[in-house]
$ cat final.cif   # mmCIF, C-alpha atoms
data_my_file
loop_
_atom_site.group_PDB
_atom_site.id
_atom_site.type_symbol
_atom_site.label_atom_id
_atom_site.label_comp_id
_atom_site.auth_asym_id
_atom_site.auth_seq_id
_atom_site.Cartn_x
_atom_site.Cartn_y
_atom_site.Cartn_z
ATOM 1 C CA MET A 1 -145.221 -88.315 -72.847
ATOM 2 C CA GLY A 2 -144.811 -85.814 -70.085
ATOM 3 C CA ARG A 3 -142.964 -85.450 -66.850
ATOM 4 C CA ILE A 4 -144.532 -87.550 -64.108
ATOM 5 C CA PHE A 5 -145.476 -85.485 -61.062
ATOM 6 C CA GLU A 6 -144.227 -87.068 -57.859
ATOM 7 C CA VAL A 7 -144.750 -85.862 -54.313
ATOM 8 C CA ARG A 8 -141.650 -84.333 -52.721
ATOM 9 C CA LYS A 9 -138.995 -86.856 -51.787
ATOM 10 C CA HIS A 10 -136.798 -86.374 -48.765
ATOM 11 C CA ALA A 11 -133.563 -87.946 -47.588
ATOM 12 C CA MET A 12 -133.195 -87.325 -43.879
ATOM 13 C CA PHE A 13 -131.590 -90.711 -43.178
ATOM 14 C CA ALA A 14 -127.881 -91.294 -43.105
ATOM 15 C CA ARG A 15 -127.024 -93.376 -46.179
ATOM 16 C CA TRP A 16 -126.195 -96.573 -44.298
ATOM 17 C CA ASN A 17 -129.312 -96.332 -42.176
ATOM 18 C CA ARG A 18 -131.520 -95.870 -45.235
ATOM 19 C CA MET A 19 -129.894 -98.840 -46.944
ATOM 20 C CA ALA A 20 -130.387 -101.058 -43.885
ATOM 21 C CA LYS A 21 -134.054 -100.070 -43.774
ATOM 22 C CA GLN A 22 -134.479 -100.837 -47.485
ATOM 23 C CA PHE A 23 -132.903 -104.276 -47.037
ATOM 24 C CA ALA A 24 -135.208 -104.997 -44.075
ATOM 25 C CA ARG A 25 -138.254 -103.961 -46.119
ATOM 26 C CA ILE A 26 -137.237 -106.192 -49.030
ATOM 27 C CA GLY A 27 -136.610 -109.056 -46.605
ATOM 28 C CA LYS A 28 -140.177 -108.807 -45.295
ATOM 29 C CA ASP A 29 -141.530 -108.555 -48.843
ATOM 30 C CA ILE A 30 -139.638 -111.750 -49.714
ATOM 31 C CA THR A 31 -141.068 -113.562 -46.688
ATOM 32 C CA ILE A 32 -144.632 -112.527 -47.566
ATOM 33 C CA ALA A 33 -144.178 -113.467 -51.233
ATOM 34 C CA VAL A 34 -142.676 -116.874 -50.434
ATOM 35 C CA LYS A 35 -145.387 -117.649 -47.860
ATOM 36 C CA ASN A 36 -148.069 -116.829 -50.414
ATOM 37 C CA GLY A 37 -146.592 -118.319 -53.562
ATOM 38 C CA GLY A 38 -143.560 -120.482 -52.853
ATOM 39 C CA PRO A 39 -139.782 -119.978 -53.198
ATOM 40 C CA ASP A 40 -139.451 -120.331 -56.982
ATOM 41 C CA PRO A 41 -139.466 -116.915 -58.689
ATOM 42 C CA HIS A 42 -140.265 -118.528 -62.063
ATOM 43 C CA SER A 43 -143.674 -119.634 -60.794
ATOM 44 C CA ASN A 44 -144.169 -116.832 -58.264
ATOM 45 C CA PRO A 45 -144.608 -113.425 -59.971
ATOM 46 C CA ALA A 46 -144.737 -111.614 -56.629
ATOM 47 C CA LEU A 47 -141.362 -113.024 -55.590
ATOM 48 C CA ARG A 48 -139.946 -112.272 -59.032
ATOM 49 C CA ARG A 49 -141.037 -108.664 -58.613
ATOM 50 C CA VAL A 50 -139.481 -108.380 -55.136
ATOM 51 C CA ILE A 51 -136.176 -109.745 -56.451
ATOM 52 C CA GLN A 52 -136.248 -107.056 -59.147
ATOM 53 C CA ASN A 53 -136.848 -104.444 -56.472
ATOM 54 C CA SER A 54 -133.937 -105.790 -54.421
ATOM 55 C CA ARG A 55 -131.635 -104.972 -57.316
ATOM 56 C CA ALA A 56 -132.957 -101.402 -57.396
ATOM 57 C CA VAL A 57 -131.664 -100.863 -53.836
ATOM 58 C CA ASN A 58 -128.419 -102.785 -54.521
ATOM 59 C CA MET A 59 -129.224 -105.591 -52.100
ATOM 60 C CA PRO A 60 -126.536 -108.273 -52.511
ATOM 61 C CA LYS A 61 -127.631 -111.471 -54.237
ATOM 62 C CA ASP A 62 -126.484 -113.632 -51.303
ATOM 63 C CA LYS A 63 -128.713 -111.665 -48.920
ATOM 64 C CA VAL A 64 -131.688 -112.159 -51.241
ATOM 65 C CA GLU A 65 -131.023 -115.904 -51.482
ATOM 66 C CA ALA A 66 -130.629 -116.143 -47.701
ATOM 67 C CA ALA A 67 -133.934 -114.314 -47.206
ATOM 68 C CA ILE A 68 -135.711 -116.740 -49.561
ATOM 69 C CA LYS A 69 -134.222 -119.707 -47.697
ATOM 70 C CA ARG A 70 -135.297 -118.291 -44.315
ATOM 71 C CA ALA A 71 -138.787 -117.590 -45.623
ATOM 72 C CA SER A 72 -139.059 -121.215 -46.788
ATOM 73 C CA GLY A 73 -138.216 -122.604 -43.341
ATOM 74 C CA LYS A 74 -140.729 -123.711 -40.743
ATOM 75 C CA ASP A 75 -139.528 -121.040 -38.306
ATOM 76 C CA ALA A 76 -140.126 -118.140 -40.716
ATOM 77 C CA ALA A 77 -141.966 -115.188 -39.214
ATOM 78 C CA ASN A 78 -145.600 -114.604 -40.101
ATOM 79 C CA PHE A 79 -146.114 -110.991 -41.057
ATOM 80 C CA THR A 80 -149.485 -109.262 -41.130
ATOM 81 C CA GLU A 81 -149.806 -106.336 -43.515
ATOM 82 C CA ILE A 82 -151.734 -103.413 -41.979
ATOM 83 C CA LEU A 83 -152.424 -99.966 -43.436
ATOM 84 C CA TYR A 84 -152.760 -97.087 -40.964
ATOM 85 C CA GLU A 85 -154.279 -93.733 -41.843
ATOM 86 C CA GLY A 86 -154.042 -90.334 -40.236
ATOM 87 C CA TYR A 87 -153.076 -86.693 -40.454
ATOM 88 C CA ALA A 88 -149.678 -85.156 -39.916
ATOM 89 C CA PRO A 89 -149.568 -81.562 -38.618
ATOM 90 C CA HIS A 90 -151.022 -78.866 -40.874
ATOM 91 C CA GLY A 91 -153.618 -81.196 -42.400
ATOM 92 C CA VAL A 92 -151.310 -83.412 -44.463
ATOM 93 C CA ALA A 93 -152.876 -86.829 -45.057
ATOM 94 C CA VAL A 94 -150.651 -89.840 -44.362
ATOM 95 C CA LEU A 95 -150.860 -93.566 -45.143
ATOM 96 C CA VAL A 96 -148.522 -95.907 -43.268
ATOM 97 C CA GLU A 97 -147.942 -99.397 -44.678
ATOM 98 C CA THR A 98 -146.688 -101.901 -42.142
ATOM 99 C CA ALA A 99 -145.705 -105.564 -42.077
ATOM 100 C CA THR A 100 -145.602 -106.860 -38.538
ATOM 101 C CA ASP A 101 -145.476 -109.992 -36.407
ATOM 102 C CA ASN A 102 -146.894 -107.992 -33.482
ATOM 103 C CA PRO A 103 -149.805 -105.684 -34.438
ATOM 104 C CA THR A 104 -150.250 -104.507 -30.830
ATOM 105 C CA ARG A 105 -146.703 -103.168 -30.765
ATOM 106 C CA THR A 106 -147.021 -101.632 -34.196
ATOM 107 C CA VAL A 107 -150.209 -99.663 -33.616
ATOM 108 C CA ALA A 108 -148.829 -98.363 -30.300
ATOM 109 C CA ASN A 109 -145.632 -97.164 -31.966
ATOM 110 C CA VAL A 110 -147.425 -95.579 -34.913
ATOM 111 C CA ARG A 111 -149.944 -93.820 -32.659
ATOM 112 C CA SER A 112 -147.133 -92.529 -30.446
ATOM 113 C CA ILE A 113 -145.288 -90.996 -33.412
ATOM 114 C CA PHE A 114 -148.434 -89.281 -34.671
ATOM 115 C CA THR A 115 -149.198 -87.906 -31.204
ATOM 116 C CA LYS A 116 -145.660 -86.674 -30.458
ATOM 117 C CA HIS A 117 -145.615 -84.721 -33.718
ATOM 118 C CA GLU A 118 -149.074 -83.172 -33.247
ATOM 119 C CA GLY A 119 -150.703 -85.459 -35.766
ATOM 120 C CA ASN A 120 -153.742 -87.703 -35.409
ATOM 121 C CA LEU A 121 -154.015 -91.412 -36.133
ATOM 122 C CA GLY A 122 -157.374 -91.953 -37.809
ATOM 123 C CA THR A 123 -159.665 -94.853 -38.565
ATOM 124 C CA ALA A 124 -159.879 -96.991 -41.714
ATOM 125 C CA ASN A 125 -160.854 -94.963 -44.800
ATOM 126 C CA SER A 126 -160.377 -91.648 -42.980
ATOM 127 C CA VAL A 127 -157.785 -90.400 -45.503
ATOM 128 C CA SER A 128 -157.377 -93.176 -48.089
ATOM 129 C CA PHE A 129 -159.932 -91.477 -50.346
ATOM 130 C CA GLN A 130 -157.244 -88.847 -50.988
ATOM 131 C CA PHE A 131 -155.023 -91.462 -52.663
ATOM 132 C CA LYS A 132 -155.270 -93.820 -55.616
ATOM 133 C CA LYS A 133 -153.565 -97.217 -55.407
ATOM 134 C CA MET A 134 -151.609 -97.806 -58.600
ATOM 135 C CA GLY A 135 -149.030 -100.185 -59.994
ATOM 136 C CA VAL A 136 -145.811 -98.266 -60.635
ATOM 137 C CA PHE A 137 -143.024 -99.515 -62.892
ATOM 138 C CA ARG A 138 -139.708 -97.660 -63.094
ATOM 139 C CA LEU A 139 -137.676 -98.381 -66.203
ATOM 140 C CA ASN A 140 -134.199 -97.622 -67.482
ATOM 141 C CA PRO A 141 -134.814 -95.553 -70.646
ATOM 142 C CA ASP A 142 -131.680 -96.834 -72.400
ATOM 143 C CA GLY A 143 -132.634 -98.620 -75.617
ATOM 144 C CA ILE A 144 -136.367 -97.994 -75.197
ATOM 145 C CA ASP A 145 -138.497 -96.267 -77.810
ATOM 146 C CA GLN A 146 -140.777 -94.535 -75.331
ATOM 147 C CA ASP A 147 -143.553 -93.661 -77.770
ATOM 148 C CA ASP A 148 -143.669 -97.212 -79.119
ATOM 149 C CA LEU A 149 -143.673 -98.692 -75.619
ATOM 150 C CA GLU A 150 -146.444 -96.353 -74.508
ATOM 151 C CA LEU A 151 -148.662 -97.410 -77.420
ATOM 152 C CA PHE A 152 -147.972 -101.070 -76.633
ATOM 153 C CA LEU A 153 -148.714 -100.748 -72.916
ATOM 154 C CA ILE A 154 -151.985 -98.871 -73.417
ATOM 155 C CA ASP A 155 -153.486 -102.218 -74.440
ATOM 156 C CA HIS A 156 -152.213 -103.762 -71.198
ATOM 157 C CA GLY A 157 -153.576 -101.341 -68.620
ATOM 158 C CA LEU A 158 -151.274 -98.307 -68.873
ATOM 159 C CA GLU A 159 -152.840 -95.199 -67.304
ATOM 160 C CA GLU A 160 -149.955 -92.740 -67.551
ATOM 161 C CA MET A 161 -146.317 -92.732 -68.556
ATOM 162 C CA GLY A 162 -143.651 -90.092 -68.263
ATOM 163 C CA GLU A 163 -140.100 -89.172 -67.374
ATOM 164 C CA SER A 164 -138.710 -88.956 -63.870
ATOM 165 C CA THR A 165 -135.426 -89.343 -62.014
ATOM 166 C CA GLY A 166 -134.054 -91.803 -59.473
ATOM 167 C CA GLU A 167 -132.527 -91.038 -56.086
ATOM 168 C CA LYS A 168 -129.200 -90.166 -57.698
ATOM 169 C CA GLY A 169 -130.751 -88.027 -60.426
ATOM 170 C CA GLU A 170 -130.524 -90.736 -63.079
ATOM 171 C CA PRO A 171 -133.227 -90.623 -65.786
ATOM 172 C CA GLN A 172 -136.096 -93.071 -65.509
ATOM 173 C CA ILE A 173 -139.353 -93.845 -67.249
ATOM 174 C CA VAL A 174 -142.306 -94.210 -64.891
ATOM 175 C CA ALA A 175 -145.315 -96.209 -66.093
ATOM 176 C CA ARG A 176 -148.451 -96.407 -63.965
ATOM 177 C CA CYS A 177 -151.543 -98.574 -64.155
ATOM 178 C CA ASN A 178 -154.600 -99.110 -62.003
ATOM 179 C CA PHE A 179 -153.605 -101.674 -59.405
ATOM 180 C CA PRO A 180 -155.948 -104.461 -60.636
ATOM 181 C CA GLU A 181 -153.985 -104.400 -63.935
ATOM 182 C CA PHE A 182 -150.615 -104.789 -62.174
ATOM 183 C CA GLY A 183 -150.067 -108.415 -63.193
ATOM 184 C CA GLN A 184 -151.091 -107.699 -66.774
ATOM 185 C CA MET A 185 -148.601 -104.827 -67.021
ATOM 186 C CA GLN A 186 -145.837 -106.884 -65.440
ATOM 187 C CA LYS A 187 -146.361 -109.688 -67.973
ATOM 188 C CA ALA A 188 -146.506 -107.219 -70.895
ATOM 189 C CA LEU A 189 -143.120 -105.773 -69.928
ATOM 190 C CA GLU A 190 -141.656 -109.257 -69.525
ATOM 191 C CA ASP A 191 -142.995 -110.207 -72.969
ATOM 192 C CA ARG A 192 -141.137 -107.212 -74.395
ATOM 193 C CA GLY A 193 -137.937 -108.327 -72.675
ATOM 194 C CA ILE A 194 -137.950 -105.307 -70.341
ATOM 195 C CA THR A 195 -136.869 -105.823 -66.739
ATOM 196 C CA PRO A 196 -138.098 -102.904 -64.574
ATOM 197 C CA LEU A 197 -135.733 -101.193 -62.191
ATOM 198 C CA SER A 198 -138.568 -101.600 -59.699
ATOM 199 C CA ALA A 199 -142.193 -102.695 -59.819
ATOM 200 C CA GLU A 200 -144.517 -102.139 -56.898
ATOM 201 C CA HIS A 201 -147.758 -100.582 -55.828
ATOM 202 C CA GLU A 202 -147.866 -97.014 -54.598
ATOM 203 C CA TYR A 203 -150.582 -94.784 -53.208
ATOM 204 C CA ILE A 204 -150.614 -91.682 -55.419
ATOM 205 C CA CYS A 205 -152.072 -88.590 -53.789
ATOM 206 C CA LEU A 206 -154.889 -86.944 -55.718
ATOM 207 C CA THR A 207 -154.623 -83.400 -54.301
ATOM 208 C CA PRO A 208 -151.158 -82.359 -53.036
ATOM 209 C CA THR A 209 -150.913 -80.081 -49.994
ATOM 210 C CA GLU A 210 -148.556 -77.118 -50.318
ATOM 211 C CA LEU A 211 -147.023 -75.705 -47.131
ATOM 212 C CA PRO A 212 -144.420 -73.079 -46.211
ATOM 213 C CA GLU A 213 -140.963 -74.554 -45.690
ATOM 214 C CA ALA A 214 -141.065 -74.446 -41.884
ATOM 215 C CA GLN A 215 -144.382 -76.310 -41.726
ATOM 216 C CA ALA A 216 -143.278 -78.781 -44.401
ATOM 217 C CA THR A 217 -140.205 -79.560 -42.298
ATOM 218 C CA GLU A 218 -142.401 -80.411 -39.314
ATOM 219 C CA VAL A 219 -144.376 -82.828 -41.476
ATOM 220 C CA LEU A 220 -141.226 -84.435 -42.900
ATOM 221 C CA GLU A 221 -139.821 -84.927 -39.401
ATOM 222 C CA MET A 222 -142.883 -86.992 -38.497
ATOM 223 C CA ILE A 223 -142.682 -88.964 -41.742
ATOM 224 C CA ASP A 224 -138.995 -89.628 -41.091
ATOM 225 C CA LYS A 225 -139.767 -91.032 -37.642
ATOM 226 C CA LEU A 226 -142.453 -93.285 -39.097
ATOM 227 C CA GLU A 227 -140.107 -94.568 -41.787
ATOM 228 C CA GLN A 228 -137.501 -95.482 -39.170
ATOM 229 C CA ASP A 229 -139.908 -97.735 -37.259
ATOM 230 C CA GLU A 230 -138.979 -101.391 -37.755
ATOM 231 C CA ASP A 231 -142.529 -102.416 -38.673
ATOM 232 C CA VAL A 232 -143.132 -99.666 -41.239
ATOM 233 C CA GLN A 233 -142.638 -100.600 -44.875
ATOM 234 C CA LYS A 234 -143.610 -97.360 -46.620
ATOM 235 C CA VAL A 235 -145.175 -94.001 -45.870
ATOM 236 C CA TYR A 236 -147.272 -92.053 -48.367
ATOM 237 C CA HIS A 237 -148.408 -88.467 -47.905
ATOM 238 C CA THR A 238 -150.005 -85.550 -49.680
ATOM 239 C CA LEU A 239 -147.235 -83.004 -49.020
ATOM 240 C CA ALA A 240 -146.262 -81.376 -52.325
#

$ encode --input "final.cif" --output "structure tokens"
Amino acid sequence: MGRIFEVRKHAMFARWNRMAKQFARIGKDITIAVKNGGPDPHSNPALRRVIQNSRAVNMPKDKVEAAIKRASGKDAANFTEILYEGYAPHGVAVLVETATDNPTRTVANVRSIFTKHEGNLGTANSVSFQFKKMGVFRLNPDGIDQDDLELFLIDHGLEEMGESTGEKGEPQIVARCNFPEFGQMQKALEDRGITPLSAEHEYICLTPTELPEAQATEVLEMIDKLEQDEDVQKVYHTLA
């Protein structure tokens, strides 16, 4: 067990704005999950996972239920998931996950943000080789024998496990697996009666880029603008 290395986090949003963005992201995730697997979380593991993640951002239960109902209706939006790749200033690689009902609008907005911040929007596979897609489970350590759990999960796809902290500095256990083993890990945790604080895929950078503070700030300003775009779900980068 060690301390999981995680690329620098930043909090440039006002709290209410960040929360609204998180709720919008979860709402799109719910729509995609329901469209693909139906509205019953008991038979739809993807929806079950999104509902878990909604709790991690304190999304009210009535909002989650309303989102599931909307997603089940005939007028529900159809979102296309698109991954954009490029470079922020100073050579920092960036992946931008989007879910959009208008790809033309989305690519124009993403390209504009890259350009205005002296970055470059690239082509498919131009920077993705610098990341590894993994399943990431964040757990509340209370009542968990970490060594015992680690030994158990190794047989279910665990690649690495360690300690980390949440946004408020609260202790967490982070367990990662190769993405193809995501469902196997999710079921193993459920079989142990463990409900993750969150369970989702993440692109983990393989070689972090270290920059002086002034240059890092320029990169984070671009990332912040990307994260505020209505079609952007998540942004991953190599900035250490």

$ closest_residue --input "final.cif" --among "A:Ile82, A:Leu47, A:Ala175, A:Ile113" --to "Lys225 (chain A)" --atoms "all atoms listed in the file"
A:Ile113

$ closest_atom_pairs --input "final.cif" --of "region 51-160 of chain A" --to "region 22-31 of chain A" --cutoff "7 Å" --atoms "all atoms listed in the file" --output "tab-separated table"
residue	atom	partner	partner_atom	distance
A:Ser54	CA	A:Ile26	CA	6.3
A:Val57	CA	A:Gln22	CA	6.9
A:Met59	CA	A:Phe23	CA	6.4
A:Ala67	CA	A:Gly27	CA	5.9
A:Ile68	CA	A:Ile30	CA	6.4
A:Ala71	CA	A:Thr31	CA	4.7

$ residues_around --input "final.cif" --residues "Met222 (chain A)" --least-positions-apart "4" --cutoff "9 Å" --atoms "all atoms listed in the file" --output "number ranges by chain"
A: 88-89, 113-114, 116-119, 217-218, 226-227

$ write_last_selection --input "final.cif" --atoms "C-alpha atoms" --output "compact mmCIF listing (two decimals), in the coordinates of the input"
# COMPACT_ATOMS: atom_id res chain seq x y z
CA ALA A 88 -149.68 -85.16 -39.92
CA PRO A 89 -149.57 -81.56 -38.62
CA ILE A 113 -145.29 -91.00 -33.41
CA PHE A 114 -148.43 -89.28 -34.67
CA LYS A 116 -145.66 -86.67 -30.46
CA HIS A 117 -145.62 -84.72 -33.72
CA GLU A 118 -149.07 -83.17 -33.25
CA GLY A 119 -150.70 -85.46 -35.77
CA THR A 217 -140.21 -79.56 -42.30
CA GLU A 218 -142.40 -80.41 -39.31
CA LEU A 226 -142.45 -93.28 -39.10
CA GLU A 227 -140.11 -94.57 -41.79

$ resolve_selection --input "final.cif" --expression "the PyMOL selection byres ((chain A and resi 172) around 12)" --output "short mmCIF file (atom, residue, chain, number, x, y, z; two decimals) with C-alpha atoms, in the coordinates of the input"
data_model
loop_
_atom_site.label_atom_id
_atom_site.label_comp_id
_atom_site.auth_asym_id
_atom_site.auth_seq_id
_atom_site.Cartn_x
_atom_site.Cartn_y
_atom_site.Cartn_z
CA ARG A 3 -142.96 -85.45 -66.85
CA ILE A 4 -144.53 -87.55 -64.11
CA PHE A 137 -143.02 -99.52 -62.89
CA ARG A 138 -139.71 -97.66 -63.09
CA LEU A 139 -137.68 -98.38 -66.20
CA ASN A 140 -134.20 -97.62 -67.48
CA PRO A 141 -134.81 -95.55 -70.65
CA ASP A 142 -131.68 -96.83 -72.40
CA ILE A 144 -136.37 -97.99 -75.20
CA GLN A 146 -140.78 -94.54 -75.33
CA MET A 161 -146.32 -92.73 -68.56
CA GLY A 162 -143.65 -90.09 -68.26
CA GLU A 163 -140.10 -89.17 -67.37
CA SER A 164 -138.71 -88.96 -63.87
CA THR A 165 -135.43 -89.34 -62.01
CA GLY A 166 -134.05 -91.80 -59.47
CA GLU A 167 -132.53 -91.04 -56.09
CA LYS A 168 -129.20 -90.17 -57.70
CA GLY A 169 -130.75 -88.03 -60.43
CA GLU A 170 -130.52 -90.74 -63.08
CA PRO A 171 -133.23 -90.62 -65.79
CA ILE A 173 -139.35 -93.84 -67.25
CA VAL A 174 -142.31 -94.21 -64.89
CA ALA A 175 -145.32 -96.21 -66.09
CA PRO A 196 -138.10 -102.90 -64.57
CA LEU A 197 -135.73 -101.19 -62.19
CA SER A 198 -138.57 -101.60 -59.70
#

$ residues_around --input "final.cif" --residues "region 185-190 of chain A" --least-positions-apart "2" --cutoff "10 Å" --atoms "all atoms listed in the file" --output "PyMOL selection string"
chain A and resi 45+49+135-137+139+149+152-158+175-183+192-196+199-200

$ atom_distance --input "final.cif" --atom1 "CA of Ile51 (chain A)" --atom2 "CA of Val64 (chain A)"
7.3 Å

$ atom_distance --input "final.cif" --atom1 "CA of His90 (chain A)" --atom2 "CA of Leu121 (chain A)"
13.7 Å

$ atom_distance --input "final.cif" --atom1 "CA of Val219 (chain A)" --atom2 "CA of Glu160 (chain A)"
28.4 Å

$ residues_near_point --input "final.cif" --point "(-150.7, -90.4, -55.0)" --cutoff "9 Å" --atoms "all atoms listed in the file" --output "list in words"
Glu6, Val7, Gln130, Phe131, Lys132, Lys133, Met134, Glu202, Tyr203, Ile204, Cys205, Leu206, Thr207, Pro208, Tyr236, His237 and Thr238 of chain A

$ write_last_selection --input "final.cif" --atoms "C-alpha atoms" --output "short mmCIF file (atom, residue, chain, number, x, y, z; two decimals), in the frame of the given file"
data_model
loop_
_atom_site.label_atom_id
_atom_site.label_comp_id
_atom_site.auth_asym_id
_atom_site.auth_seq_id
_atom_site.Cartn_x
_atom_site.Cartn_y
_atom_site.Cartn_z
CA GLU A 6 -144.23 -87.07 -57.86
CA VAL A 7 -144.75 -85.86 -54.31
CA GLN A 130 -157.24 -88.85 -50.99
CA PHE A 131 -155.02 -91.46 -52.66
CA LYS A 132 -155.27 -93.82 -55.62
CA LYS A 133 -153.56 -97.22 -55.41
CA MET A 134 -151.61 -97.81 -58.60
CA GLU A 202 -147.87 -97.01 -54.60
CA TYR A 203 -150.58 -94.78 -53.21
CA ILE A 204 -150.61 -91.68 -55.42
CA CYS A 205 -152.07 -88.59 -53.79
CA LEU A 206 -154.89 -86.94 -55.72
CA THR A 207 -154.62 -83.40 -54.30
CA PRO A 208 -151.16 -82.36 -53.04
CA TYR A 236 -147.27 -92.05 -48.37
CA HIS A 237 -148.41 -88.47 -47.90
CA THR A 238 -150.00 -85.55 -49.68
#

$ resolve_selection --input "final.cif" --expression "the PyMOL selection byres ((chain A and resi 110) around 9)" --output "MDAnalysis selection string"
chainID A and resid 84 96 105:109 111:115 121 226 229 232

$ write_last_selection --input "final.cif" --atoms "C-alpha atoms" --output "PDB file, in the coordinates of the input"
ATOM      1  CA  TYR A  84    -152.760 -97.087 -40.964  1.00  0.00           C
ATOM      2  CA  VAL A  96    -148.522 -95.907 -43.268  1.00  0.00           C
ATOM      3  CA  ARG A 105    -146.703-103.168 -30.765  1.00  0.00           C
ATOM      4  CA  THR A 106    -147.021-101.632 -34.196  1.00  0.00           C
ATOM      5  CA  VAL A 107    -150.209 -99.663 -33.616  1.00  0.00           C
ATOM      6  CA  ALA A 108    -148.829 -98.363 -30.300  1.00  0.00           C
ATOM      7  CA  ASN A 109    -145.632 -97.164 -31.966  1.00  0.00           C
ATOM      8  CA  ARG A 111    -149.944 -93.820 -32.659  1.00  0.00           C
ATOM      9  CA  SER A 112    -147.133 -92.529 -30.446  1.00  0.00           C
ATOM     10  CA  ILE A 113    -145.288 -90.996 -33.412  1.00  0.00           C
ATOM     11  CA  PHE A 114    -148.434 -89.281 -34.671  1.00  0.00           C
ATOM     12  CA  THR A 115    -149.198 -87.906 -31.204  1.00  0.00           C
ATOM     13  CA  LEU A 121    -154.015 -91.412 -36.133  1.00  0.00           C
ATOM     14  CA  LEU A 226    -142.453 -93.285 -39.097  1.00  0.00           C
ATOM     15  CA  ASP A 229    -139.908 -97.735 -37.259  1.00  0.00           C
ATOM     16  CA  VAL A 232    -143.132 -99.666 -41.239  1.00  0.00           C
TER      17      VAL A 232
END

$ residues_near_point --input "final.cif" --point "(-147.9, -75.3, -47.5)" --cutoff "10 Å" --atoms "only C-alpha atoms" --output "list in words"
His90, Gly91, Val92, Pro208, Thr209, Glu210, Leu211, Pro212, Glu213, Ala214, Gln215, Ala216, Leu239 and Ala240 of chain A

$ closest_residue --input "final.cif" --among "A:Glu81, A:Ala66, A:Arg48, A:Asn53" --to "Ile32 (chain A)" --atoms "only C-alpha atoms"
A:Glu81

$ residues_around --input "final.cif" --residues "Gly86 (chain A)" --least-positions-apart "3" --cutoff "6 Å" --atoms "all atoms listed in the file" --output "list in words"
Val94, Asn120, Leu121 and Gly122 of chain A

$ closest_residue --input "final.cif" --among "A:Ser126, A:Arg70, A:Lys21, A:Lys61" --to "Pro39 (chain A)" --atoms "all atoms listed in the file"
A:Arg70

$ resolve_selection --input "final.cif" --expression "the PyMOL selection byres ((chain A and resi 78) around 8)" --output "list in words"
Ile32, Ala76, Ala77, Phe79, Thr80, Thr100 and Asp101 of chain A

$ closest_residue --input "final.cif" --among "A:Gln184, A:Leu83, A:Asp145, A:Asn125" --to "Lys234 (chain A)" --atoms "all atoms listed in the file"
A:Leu83
